[in-house]
Amino acid sequence: MSGPIRIQPGETFTLNVGPQHPATHGVLRVKMEMDGEYIVKAETVLGYIHRMHELMGENRPYPKVLPNLSRLDYLGAMGYTHGHVLAVERAAGIEVPERAEYIRVITVELNRVASHLFWFGAFVMDLGGFTPLMYALQDREHILDALEGITGSRLTYCYFRFGGLCNDIDDEFIARTRALIPRMRKSLKKYEALVTGNIIFRKRLEEIGPISPEMCRKYGATGPVARGSGIDFDIRKNEPYSVYPEFDFDVPVYHECDSMARYKVRMDEMEQSLRIIEQGLDKLPDGPIMPKRKPKLIKPPKGDYYQAVETARGSFGIRLVSDGTKNAYRFKLRSPTYSNMSLFDEACEGMMIMDALALMGSLDLVIPEIDR
Amino acid sequence: MGAYFSDIFFGLKSLFIGLGITFKEFFKPVVTVPYPYKTIKMCKRYRGHIELIEDEEGNPKCVVCGMCERTCPSECIILGSKAVEFEVEVKGEIKTKKKKVLTKYDLDFTTCSLCGQCVESCNFGALTFSKDYNLASSRKEDFHFDLLKRLKERNS
């Protein structure tokens with residue numbers, strides 16, 4: 001197949017996908033102008049679950065915003081909280097103990113694997129295969145159990161604090177995580193045989209849903225979407241933060257630009273995350289998890305601060321403008337899925353509807369994060 | 001033509017590999033729990049709603065400093081107190097002093113975001129997380145907890 005087919009708008013009808021539709025993974029509405037099975041024009045409509053997280057970040061003191069960040073993306077909550085604490089720590093000049101940073105990286109990577117596992121199950125389910133979801137959720141359950149043991153919650157962790165963490169990790173967590181790594185590696189091989197090699201799955205994805213690197217740059221797509229289009233960009237490597245420079249890991253990049261490339265990037269990323277977790281557990285230093293001297297009231301000096309982190313879905317940025325008071329003056333969130341989703345309108349033109357839904361699945365949309 | 005047949009052959013083979021994997025899963029141990037009949041014990045750090053801790057005499061440890069009320073991001077804690085006079089012996093003399101006693105500890109669990117900052121902010125170790133998770137209800141009032149009442153019920 002060579003590229004999307006451009007068709008002339010003739011007699012068309014409008015199809016509403018969503019706001020309540022299993023393929024949209026949340027309350028996203030796509031208005032599609034259809035010519036038979038082909039999409040002539042698509043328009044994504046947002047705003048059904050807007051909760052004003054940015055405003056909430058501005059009208060209350062910094063520590064009170066902490067739980068909000070995990071409500072952005074309920075599948076990879078750890079990464080978003082990491083971005084927030086790093087931004088405020090940079091603004092207020094709080095030093096973080098090394099042990100706390102290592103634990104942060106380990107939990108963030110565990111959460112990334114859990115998020116990708118859920119995406120994997122849901123994506124295959126979008127394409128009509130139900131069984132892999134069960135296997136993926138079973139593996140994810142082990143990760144959630146390990147994280148629940150230290151944080152106390154399973155989904156919306158509020159684990160990081162400005163300067164460190166609220167709880168130290170225990171031996172049980174370390175033992176669980178150590179046991180989890182070989183099990184995950186075995187499972188990844190199982191998925192490879194069960195799903196990646198499957199002929200129906202391959203025919204649904206290969207050379208379908210092309211997203212060119214130019215389109216990624218135009219819309220600001222990041223994360224696995226950009227890496228599946230051959231753009232080698234990962235904040236963990238390009239703009240290192242936290243203790244990531246001390247880890248040895250690769251950034252998987254595929255140049256095929258199709259849905260299959262994006263799938264492969266995420267499957268490889270899980271493997272790389274396991275490598276980071278393994279190294280993190282080996283190198284884990286002793287010491288405190290909260291700094292000795294920490295300001296009671298967080299009042300960053302006047303200024304403009306920015307911190308970007310690589311979450312499971314792409315690069316997440318926080319712009320913090322402080323006017324010297326205990327509330328932020330501006331609290332801007334740059335969420336990766338918003339940019340990734342905005343290219344959907346252009347990418348799906350001329351595609352068949354089932355291919356477009358497969359493309360949407362490969363973008364890994366989490367709607368609460370788009371509509372923050 | 002050859003590519004066509006090899007496509008069919010390898011395609012069919014891939015389907016049988018998948019079927020083999022799902023077939024093997026049949027003989028693996030069951031990982032789920034039949035929930036209402038069997039439950040999993042919550043882990044030590046499980047974050048449920050908050051609960052007051054009592055001292056040796058059965059009174060709440062809380063001294064009504066109001067830190068939890070102030071740190072709560074959702075503003076779901078409301079405290080009530082009254083001043084009580086009591087007598088203490090200081091250097092042989094009996095003096096009357098005033099202290100605050102907790103009369104009301106209301107938790108509006110409908111807005112609680114379970115961040116745990118109230119428990120961390122408590123300098124007197126008067127708060128803890130409960131391990132309750134069977135909290136489903138169709139009435140909003142069931143989630144307005146009177147923690148003082150719960151403490152008394154627990155003691156009686």
# chains A, B, ... in the order shown; residues from 1 in each chain; ligands from 1
>>> residues_around(residues="segment 146-161 of chain A", least_positions_apart="3", cutoff="6 Å", atoms="only C-alpha atoms", output="PDB file with C-alpha atoms, in the first residue's frame")
ATOM      1  CA  PRO A  67      -2.135  15.015  44.529  1.00  0.00           C
ATOM      2  CA  SER A  70      -1.331  11.934  39.546  1.00  0.00           C
ATOM      3  CA  ILE A 143       3.981  -4.178  39.578  1.00  0.00           C
ATOM      4  CA  GLY A 164      12.369  13.481  48.697  1.00  0.00           C
ATOM      5  CA  LEU A 165       9.787  10.834  49.359  1.00  0.00           C
ATOM      6  CA  CYS A 166       7.150  10.194  51.972  1.00  0.00           C
ATOM      7  CA  ILE A 169      11.383   1.430  50.425  1.00  0.00           C
ATOM      8  CA  PHE A 173       9.771  -4.131  47.749  1.00  0.00           C
TER       9      PHE A 173
ATOM     10  CA  CYS B  43      -0.725  -4.146  52.911  1.00  0.00           C
ATOM     11  CA  ARG B  45       1.013   1.022  54.242  1.00  0.00           C
ATOM     12  CA  TYR B  46      -2.397   0.887  52.600  1.00  0.00           C
ATOM     13  CA  ARG B  47      -3.905   4.355  52.449  1.00  0.00           C
ATOM     14  CA  CYS B 115      -2.535  12.003  49.530  1.00  0.00           C
TER      15      CYS B 115
END
>>> residues_around(residues="Glu89 of chain A", least_positions_apart="3", cutoff="12 Å", atoms="only C-alpha atoms", output="CSV table (one decimal) with C-alpha atoms, in the first residue's frame")
chain,number,residue,atom,x,y,z
A,62,TYR,CA,2.7,24.3,46.3
A,63,PRO,CA,2.3,21.2,48.5
A,82,HIS,CA,8.3,13.4,39.2
A,83,GLY,CA,8.1,16.3,36.8
A,84,HIS,CA,6.3,18.4,39.3
A,85,VAL,CA,8.6,17.8,42.2
A,86,LEU,CA,11.6,18.4,40.1
A,92,ALA,CA,13.0,26.6,45.4
A,93,GLY,CA,16.6,25.3,45.3
A,94,ILE,CA,15.9,22.2,47.4
A,95,GLU,CA,18.6,19.5,47.4
A,96,VAL,CA,17.4,16.0,47.0
A,97,PRO,CA,19.3,13.1,48.7
A,160,PHE,CA,7.0,12.1,46.0
A,161,ARG,CA,7.4,15.1,48.2
A,162,PHE,CA,9.4,18.3,47.6
A,163,GLY,CA,12.9,17.2,48.6
A,164,GLY,CA,12.4,13.5,48.7
A,242,SER,CA,17.5,13.3,38.1
A,291,PRO,CA,17.0,16.5,53.0
A,294,LYS,CA,14.1,21.9,54.0
A,295,PRO,CA,12.2,25.1,54.0
A,298,ILE,CA,8.0,26.6,50.0
A,299,LYS,CA,8.4,30.1,48.5
A,300,PRO,CA,10.5,30.0,45.3
A,301,PRO,CA,12.3,33.3,44.4
A,305,TYR,CA,11.3,27.8,35.7
A,306,TYR,CA,10.8,24.9,33.3
A,307,GLN,CA,11.3,21.2,33.8
A,320,LEU,CA,6.4,27.5,36.7
>>> residues_around(residues="Arg227 of chain A", least_positions_apart="2", cutoff="9 Å", atoms="only C-alpha atoms", output="tab-separated table (two decimals) with C-alpha atoms, in the first residue's frame")
chain	number	residue	atom	x	y	z
A	222	THR	CA	7.03	13.27	21.44
A	223	GLY	CA	7.61	9.94	23.10
A	224	PRO	CA	6.99	6.62	21.39
A	225	VAL	CA	4.99	8.35	18.62
A	229	SER	CA	8.77	7.91	13.17
A	230	GLY	CA	12.53	7.85	13.37
A	231	ILE	CA	13.06	10.89	15.59
A	232	ASP	CA	15.66	9.99	18.19
A	233	PHE	CA	14.44	12.15	21.02
A	234	ASP	CA	14.17	11.17	24.64
A	251	VAL	CA	16.45	4.59	23.27
A	252	PRO	CA	14.61	2.39	20.77
A	253	VAL	CA	13.97	4.16	17.47
A	254	TYR	CA	12.16	2.73	14.45
A	255	HIS	CA	12.01	4.35	11.04
A	257	CYS	CA	6.57	5.45	10.67
A	261	ALA	CA	6.80	0.88	14.63
A	262	ARG	CA	5.08	2.62	17.51
A	265	VAL	CA	9.06	1.11	20.34
>>> interface_residues(of="chain B", to="chain A", cutoff="9 Å", atoms="only C-alpha atoms", output="VMD selection string")
chain B and resid 7 10 to 15 17 to 22 31 43 to 48 71 to 74 113 to 117 120
>>> closest_residue(among="A:Leu333, A:Val27, A:Ala42, A:Met260", to="Gly209 of chain A", atoms="only C-alpha atoms")
A:Met260
>>> select_by_dssp(residues="segment 26-189 of chain A", states="strand (DSSP E or B)", output="list in words")
Gly26, Arg29, Val30, Lys31, Met32, Glu33, Met34, Asp35, Tyr38, Ile39, Val40, Lys41, Ala42, Glu43, Thr44, Val45, Pro61, Phe160, Arg161, Gly164 and Leu165 of chain A
>>> write_last_selection(atoms="C-alpha atoms", output="short mmCIF file (atom, residue, chain, number, x, y, z; two decimals), in the first residue's frame")
data_model
loop_
_atom_site.label_atom_id
_atom_site.label_comp_id
_atom_site.auth_asym_id
_atom_site.auth_seq_id
_atom_site.Cartn_x
_atom_site.Cartn_y
_atom_site.Cartn_z
CA GLY A 26 -12.22 7.87 27.70
CA ARG A 29 -15.27 12.67 20.77
CA VAL A 30 -14.19 12.43 17.15
CA LYS A 31 -16.47 13.92 14.53
CA MET A 32 -15.74 12.03 11.36
CA GLU A 33 -16.97 12.97 7.93
CA MET A 34 -17.26 9.66 6.16
CA ASP A 35 -17.47 8.61 2.57
CA TYR A 38 -13.25 6.17 4.25
CA ILE A 39 -12.65 9.18 6.45
CA VAL A 40 -12.81 12.46 4.55
CA LYS A 41 -12.24 14.72 7.52
CA ALA A 42 -11.94 14.16 11.22
CA GLU A 43 -12.25 16.62 14.04
CA THR A 44 -11.46 15.77 17.62
CA VAL A 45 -13.61 17.48 20.21
CA PRO A 61 0.19 26.64 47.96
CA PHE A 160 7.05 12.08 46.00
CA ARG A 161 7.44 15.09 48.24
CA GLY A 164 12.37 13.48 48.70
CA LEU A 165 9.79 10.83 49.36
#
>>> residues_around(residues="Tyr102 of chain A", least_positions_apart="5", cutoff="8 Å", atoms="only C-alpha atoms", output="NGL selection string")
:A and (243 or 280 or 284-285)
>>> write_last_selection(atoms="C-alpha atoms", output="PDB file, in the first residue's frame")
ATOM      1  CA  VAL A 243      20.104  10.447  38.107  1.00  0.00           C
ATOM      2  CA  GLY A 280      18.960   1.109  40.067  1.00  0.00           C
ATOM      3  CA  LEU A 284      20.905   1.981  45.354  1.00  0.00           C
ATOM      4  CA  PRO A 285      22.872   4.030  47.922  1.00  0.00           C
TER       5      PRO A 285
END
>>> select_by_dssp(residues="chain B", states="alpha helix (DSSP H)", output="PyMOL selection string")
chain B and resi 2-25+67-71+117-121+147-155
>>> write_last_selection(atoms="C-alpha atoms", output="PDB file, in the first residue's frame")
ATOM      1  CA  GLY B   2       5.826 -18.355  -3.882  1.00  0.00           C
ATOM      2  CA  ALA B   3       5.499 -15.336  -1.632  1.00  0.00           C
ATOM      3  CA  TYR B   4       1.745 -15.830  -1.563  1.00  0.00           C
ATOM      4  CA  PHE B   5       1.999 -19.417  -0.326  1.00  0.00           C
ATOM      5  CA  SER B   6       4.775 -18.703   2.155  1.00  0.00           C
ATOM      6  CA  ASP B   7       2.594 -15.893   3.543  1.00  0.00           C
ATOM      7  CA  ILE B   8      -0.223 -18.344   4.097  1.00  0.00           C
ATOM      8  CA  PHE B   9       2.106 -20.932   5.623  1.00  0.00           C
ATOM      9  CA  PHE B  10       3.865 -18.569   8.050  1.00  0.00           C
ATOM     10  CA  GLY B  11       0.599 -16.826   8.827  1.00  0.00           C
ATOM     11  CA  LEU B  12      -1.050 -20.084   9.813  1.00  0.00           C
ATOM     12  CA  LYS B  13       2.019 -21.081  11.789  1.00  0.00           C
ATOM     13  CA  SER B  14       1.907 -17.814  13.764  1.00  0.00           C
ATOM     14  CA  LEU B  15      -1.728 -18.451  14.627  1.00  0.00           C
ATOM     15  CA  PHE B  16      -0.919 -21.923  15.924  1.00  0.00           C
ATOM     16  CA  ILE B  17       1.952 -20.571  18.029  1.00  0.00           C
ATOM     17  CA  GLY B  18      -0.530 -18.160  19.636  1.00  0.00           C
ATOM     18  CA  LEU B  19      -3.023 -20.943  20.224  1.00  0.00           C
ATOM     19  CA  GLY B  20      -0.284 -23.023  21.830  1.00  0.00           C
ATOM     20  CA  ILE B  21       0.496 -20.219  24.287  1.00  0.00           C
ATOM     21  CA  THR B  22      -3.141 -19.772  25.303  1.00  0.00           C
ATOM     22  CA  PHE B  23      -3.492 -23.550  25.604  1.00  0.00           C
ATOM     23  CA  LYS B  24      -0.548 -23.701  28.030  1.00  0.00           C
ATOM     24  CA  GLU B  25      -2.216 -21.034  30.189  1.00  0.00           C
ATOM     25  CA  MET B  67      -2.123  21.144  61.142  1.00  0.00           C
ATOM     26  CA  CYS B  68      -4.069  18.439  59.298  1.00  0.00           C
ATOM     27  CA  GLU B  69      -6.892  20.865  58.629  1.00  0.00           C
ATOM     28  CA  ARG B  70      -4.428  23.377  57.189  1.00  0.00           C
ATOM     29  CA  THR B  71      -2.371  20.979  55.057  1.00  0.00           C
ATOM     30  CA  GLN B 117      -0.318  14.763  53.912  1.00  0.00           C
ATOM     31  CA  CYS B 118      -2.523  15.042  57.005  1.00  0.00           C
ATOM     32  CA  VAL B 119      -0.911  11.996  58.605  1.00  0.00           C
ATOM     33  CA  GLU B 120       2.556  13.303  57.740  1.00  0.00           C
ATOM     34  CA  SER B 121       1.846  16.755  59.093  1.00  0.00           C
ATOM     35  CA  LEU B 147     -13.950  10.108  63.442  1.00  0.00           C
ATOM     36  CA  LEU B 148     -14.526  10.868  67.118  1.00  0.00           C
ATOM     37  CA  LYS B 149     -17.679   8.763  67.079  1.00  0.00           C
ATOM     38  CA  ARG B 150     -15.848   5.976  65.289  1.00  0.00           C
ATOM     39  CA  LEU B 151     -13.149   6.046  67.967  1.00  0.00           C
ATOM     40  CA  LYS B 152     -15.727   5.772  70.747  1.00  0.00           C
ATOM     41  CA  GLU B 153     -17.492   2.940  68.972  1.00  0.00           C
ATOM     42  CA  ARG B 154     -14.213   1.134  68.591  1.00  0.00           C
ATOM     43  CA  ASN B 155     -13.545   1.461  72.324  1.00  0.00           C
TER      44      ASN B 155
END
>>> residues_around(residues="segment 119-126 of chain A", least_positions_apart="4", cutoff="6 Å", atoms="only C-alpha atoms", output="ChimeraX atom specification")
/A:130,132-133,136,361
>>> atom_distance(atom1="atom CA of Glu214 of chain A", atom2="atom CA of Asn340 of chain A")
13.2 Å
>>> residues_around(residues="Val88 of chain B", least_positions_apart="6", cutoff="12 Å", atoms="only C-alpha atoms", output="NGL selection string")
:B and (94-99)
>>> write_last_selection(atoms="N, CA and C atoms", output="compact mmCIF listing (two decimals), in the first residue's frame")
# COMPACT_ATOMS: atom_id res chain seq x y z
N ILE B 94 -1.14 24.33 93.46
CA ILE B 94 -2.12 23.82 92.50
C ILE B 94 -2.59 24.97 91.62
N LYS B 95 -2.35 24.82 90.33
CA LYS B 95 -2.71 25.88 89.40
C LYS B 95 -3.75 25.37 88.43
N THR B 96 -4.58 26.23 87.97
CA THR B 96 -5.55 25.83 86.93
C THR B 96 -5.01 26.26 85.57
N LYS B 97 -5.04 25.31 84.64
CA LYS B 97 -4.56 25.60 83.29
C LYS B 97 -5.68 25.26 82.31
N LYS B 98 -5.53 25.83 81.13
CA LYS B 98 -6.54 25.55 80.10
C LYS B 98 -5.93 24.68 79.02
N LYS B 99 -6.71 23.76 78.51
CA LYS B 99 -6.22 23.02 77.35
C LYS B 99 -7.37 22.75 76.39
>>> closest_residue(among="B:Ser156, B:Asn59, B:Thr110, B:Asn123", to="Ala136 of chain B", atoms="only C-alpha atoms")
B:Thr110
>>> residues_around(residues="segment 55-58 of chain A", least_positions_apart="6", cutoff="6 Å", atoms="only C-alpha atoms", output="number ranges by chain")
A: 65, 327-329, 331
>>> closest_residue(among="A:Arg99, A:Arg313, A:Arg204, A:Arg319", to="Pro288 of chain A", atoms="only C-alpha atoms")
A:Arg99
>>> closest_residue(among="A:Leu363, A:Met184, A:Pro336, A:Lys292", to="Gly228 of chain A", atoms="only C-alpha atoms")
A:Leu363
>>> atom_distance(atom1="atom CA of Phe344 of chain A", atom2="atom CA of Ala356 of chain A")
8.5 Å
>>> atom_distance(atom1="atom CA of Cys122 of chain B", atom2="atom CA of Thr103 of chain B")
17.7 Å
>>> closest_residue(among="B:Phe124, B:Tyr35, B:Lys140, B:Lys104", to="Glu54 of chain B", atoms="only C-alpha atoms")
B:Phe124
>>> decode(residues="segment 50-84 of chain B", atoms="N, CA and C atoms", output="PDB file, in the first residue's frame")
ATOM      1  N   ILE B  50      -8.653   8.400  56.934  1.00  0.00           N
ATOM      2  CA  ILE B  50      -7.868   8.515  58.167  1.00  0.00           C
ATOM      3  C   ILE B  50      -8.693   8.098  59.374  1.00  0.00           C
ATOM      4  N   GLU B  51      -7.998   7.828  60.434  1.00  0.00           N
ATOM      5  CA  GLU B  51      -8.604   7.339  61.673  1.00  0.00           C
ATOM      6  C   GLU B  51      -7.820   7.966  62.819  1.00  0.00           C
ATOM      7  N   LEU B  52      -8.511   8.250  63.919  1.00  0.00           N
ATOM      8  CA  LEU B  52      -7.829   8.832  65.078  1.00  0.00           C
ATOM      9  C   LEU B  52      -7.175   7.723  65.899  1.00  0.00           C
ATOM     10  N   ILE B  53      -6.075   8.072  66.542  1.00  0.00           N
ATOM     11  CA  ILE B  53      -5.409   7.114  67.437  1.00  0.00           C
ATOM     12  C   ILE B  53      -5.689   7.547  68.868  1.00  0.00           C
ATOM     13  N   GLU B  54      -5.911   6.580  69.718  1.00  0.00           N
ATOM     14  CA  GLU B  54      -6.232   6.921  71.108  1.00  0.00           C
ATOM     15  C   GLU B  54      -4.983   6.789  71.977  1.00  0.00           C
ATOM     16  N   ASP B  55      -5.020   7.477  73.144  1.00  0.00           N
ATOM     17  CA  ASP B  55      -3.931   7.296  74.098  1.00  0.00           C
ATOM     18  C   ASP B  55      -4.331   6.195  75.085  1.00  0.00           C
ATOM     19  N   GLU B  56      -3.563   6.048  76.189  1.00  0.00           N
ATOM     20  CA  GLU B  56      -3.815   4.928  77.111  1.00  0.00           C
ATOM     21  C   GLU B  56      -5.199   5.020  77.739  1.00  0.00           C
ATOM     22  N   GLU B  57      -5.684   6.261  77.940  1.00  0.00           N
ATOM     23  CA  GLU B  57      -6.970   6.409  78.613  1.00  0.00           C
ATOM     24  C   GLU B  57      -8.154   6.282  77.657  1.00  0.00           C
ATOM     25  N   GLY B  58      -7.880   6.092  76.398  1.00  0.00           N
ATOM     26  CA  GLY B  58      -8.986   5.948  75.452  1.00  0.00           C
ATOM     27  C   GLY B  58      -9.421   7.258  74.828  1.00  0.00           C
ATOM     28  N   ASN B  59      -8.758   8.353  75.203  1.00  0.00           N
ATOM     29  CA  ASN B  59      -9.075   9.635  74.573  1.00  0.00           C
ATOM     30  C   ASN B  59      -8.239   9.800  73.316  1.00  0.00           C
ATOM     31  N   PRO B  60      -8.704  10.597  72.375  1.00  0.00           N
ATOM     32  CA  PRO B  60      -7.874  10.810  71.189  1.00  0.00           C
ATOM     33  C   PRO B  60      -6.581  11.531  71.547  1.00  0.00           C
ATOM     34  N   LYS B  61      -5.516  11.157  70.858  1.00  0.00           N
ATOM     35  CA  LYS B  61      -4.213  11.782  71.096  1.00  0.00           C
ATOM     36  C   LYS B  61      -4.184  13.211  70.592  1.00  0.00           C
ATOM     37  N   CYS B  62      -5.131  13.540  69.744  1.00  0.00           N
ATOM     38  CA  CYS B  62      -5.167  14.826  69.056  1.00  0.00           C
ATOM     39  C   CYS B  62      -5.208  15.984  70.050  1.00  0.00           C
ATOM     40  N   VAL B  63      -4.378  17.009  69.777  1.00  0.00           N
ATOM     41  CA  VAL B  63      -4.362  18.172  70.647  1.00  0.00           C
ATOM     42  C   VAL B  63      -4.980  19.389  69.955  1.00  0.00           C
ATOM     43  N   VAL B  64      -5.650  19.168  68.838  1.00  0.00           N
ATOM     44  CA  VAL B  64      -6.323  20.200  68.074  1.00  0.00           C
ATOM     45  C   VAL B  64      -5.379  21.337  67.678  1.00  0.00           C
ATOM     46  N   CYS B  65      -4.234  20.979  67.104  1.00  0.00           N
ATOM     47  CA  CYS B  65      -3.328  22.031  66.630  1.00  0.00           C
ATOM     48  C   CYS B  65      -3.784  22.540  65.256  1.00  0.00           C
ATOM     49  N   GLY B  66      -4.551  21.716  64.546  1.00  0.00           N
ATOM     50  CA  GLY B  66      -5.103  22.162  63.266  1.00  0.00           C
ATOM     51  C   GLY B  66      -4.173  22.035  62.083  1.00  0.00           C
ATOM     52  N   MET B  67      -3.068  21.299  62.262  1.00  0.00           N
ATOM     53  CA  MET B  67      -2.123  21.144  61.142  1.00  0.00           C
ATOM     54  C   MET B  67      -2.752  20.348  59.994  1.00  0.00           C
ATOM     55  N   CYS B  68      -3.473  19.278  60.345  1.00  0.00           N
ATOM     56  CA  CYS B  68      -4.069  18.439  59.298  1.00  0.00           C
ATOM     57  C   CYS B  68      -5.109  19.237  58.529  1.00  0.00           C
ATOM     58  N   GLU B  69      -5.864  20.045  59.259  1.00  0.00           N
ATOM     59  CA  GLU B  69      -6.892  20.865  58.629  1.00  0.00           C
ATOM     60  C   GLU B  69      -6.258  21.838  57.639  1.00  0.00           C
ATOM     61  N   ARG B  70      -5.079  22.368  58.023  1.00  0.00           N
ATOM     62  CA  ARG B  70      -4.428  23.377  57.189  1.00  0.00           C
ATOM     63  C   ARG B  70      -3.705  22.759  55.994  1.00  0.00           C
ATOM     64  N   THR B  71      -3.121  21.571  56.179  1.00  0.00           N
ATOM     65  CA  THR B  71      -2.371  20.979  55.057  1.00  0.00           C
ATOM     66  C   THR B  71      -3.275  20.281  54.046  1.00  0.00           C
ATOM     67  N   CYS B  72      -4.489  19.956  54.424  1.00  0.00           N
ATOM     68  CA  CYS B  72      -5.337  19.159  53.533  1.00  0.00           C
ATOM     69  C   CYS B  72      -5.595  19.898  52.218  1.00  0.00           C
ATOM     70  N   PRO B  73      -5.205  19.326  51.093  1.00  0.00           N
ATOM     71  CA  PRO B  73      -5.420  20.005  49.813  1.00  0.00           C
ATOM     72  C   PRO B  73      -6.899  20.108  49.438  1.00  0.00           C
ATOM     73  N   SER B  74      -7.688  19.169  49.904  1.00  0.00           N
ATOM     74  CA  SER B  74      -9.097  19.162  49.519  1.00  0.00           C
ATOM     75  C   SER B  74      -9.988  19.849  50.554  1.00  0.00           C
ATOM     76  N   GLU B  75      -9.367  20.283  51.633  1.00  0.00           N
ATOM     77  CA  GLU B  75     -10.101  20.927  52.723  1.00  0.00           C
ATOM     78  C   GLU B  75     -11.286  20.084  53.166  1.00  0.00           C
ATOM     79  N   CYS B  76     -11.017  18.817  53.441  1.00  0.00           N
ATOM     80  CA  CYS B  76     -12.113  17.932  53.809  1.00  0.00           C
ATOM     81  C   CYS B  76     -12.108  17.596  55.290  1.00  0.00           C
ATOM     82  N   ILE B  77     -11.215  18.224  56.052  1.00  0.00           N
ATOM     83  CA  ILE B  77     -11.186  17.958  57.494  1.00  0.00           C
ATOM     84  C   ILE B  77     -11.713  19.187  58.228  1.00  0.00           C
ATOM     85  N   ILE B  78     -12.653  18.973  59.130  1.00  0.00           N
ATOM     86  CA  ILE B  78     -13.157  20.079  59.949  1.00  0.00           C
ATOM     87  C   ILE B  78     -13.019  19.682  61.416  1.00  0.00           C
ATOM     88  N   LEU B  79     -12.315  20.536  62.163  1.00  0.00           N
ATOM     89  CA  LEU B  79     -12.075  20.238  63.569  1.00  0.00           C
ATOM     90  C   LEU B  79     -12.947  21.117  64.450  1.00  0.00           C
ATOM     91  N   GLY B  80     -13.295  20.578  65.587  1.00  0.00           N
ATOM     92  CA  GLY B  80     -14.007  21.377  66.576  1.00  0.00           C
ATOM     93  C   GLY B  80     -13.356  21.165  67.921  1.00  0.00           C
ATOM     94  N   SER B  81     -13.278  22.234  68.733  1.00  0.00           N
ATOM     95  CA  SER B  81     -12.624  22.056  70.033  1.00  0.00           C
ATOM     96  C   SER B  81     -13.276  22.946  71.064  1.00  0.00           C
ATOM     97  N   LYS B  82     -13.043  22.614  72.307  1.00  0.00           N
ATOM     98  CA  LYS B  82     -13.449  23.508  73.385  1.00  0.00           C
ATOM     99  C   LYS B  82     -12.330  23.552  74.420  1.00  0.00           C
ATOM    100  N   ALA B  83     -12.284  24.658  75.157  1.00  0.00           N
ATOM    101  CA  ALA B  83     -11.242  24.799  76.169  1.00  0.00           C
ATOM    102  C   ALA B  83     -11.726  24.181  77.468  1.00  0.00           C
ATOM    103  N   VAL B  84     -10.868  23.371  78.094  1.00  0.00           N
ATOM    104  CA  VAL B  84     -11.226  22.716  79.343  1.00  0.00           C
ATOM    105  C   VAL B  84     -10.195  23.126  80.394  1.00  0.00           C
TER     106      VAL B  84
END
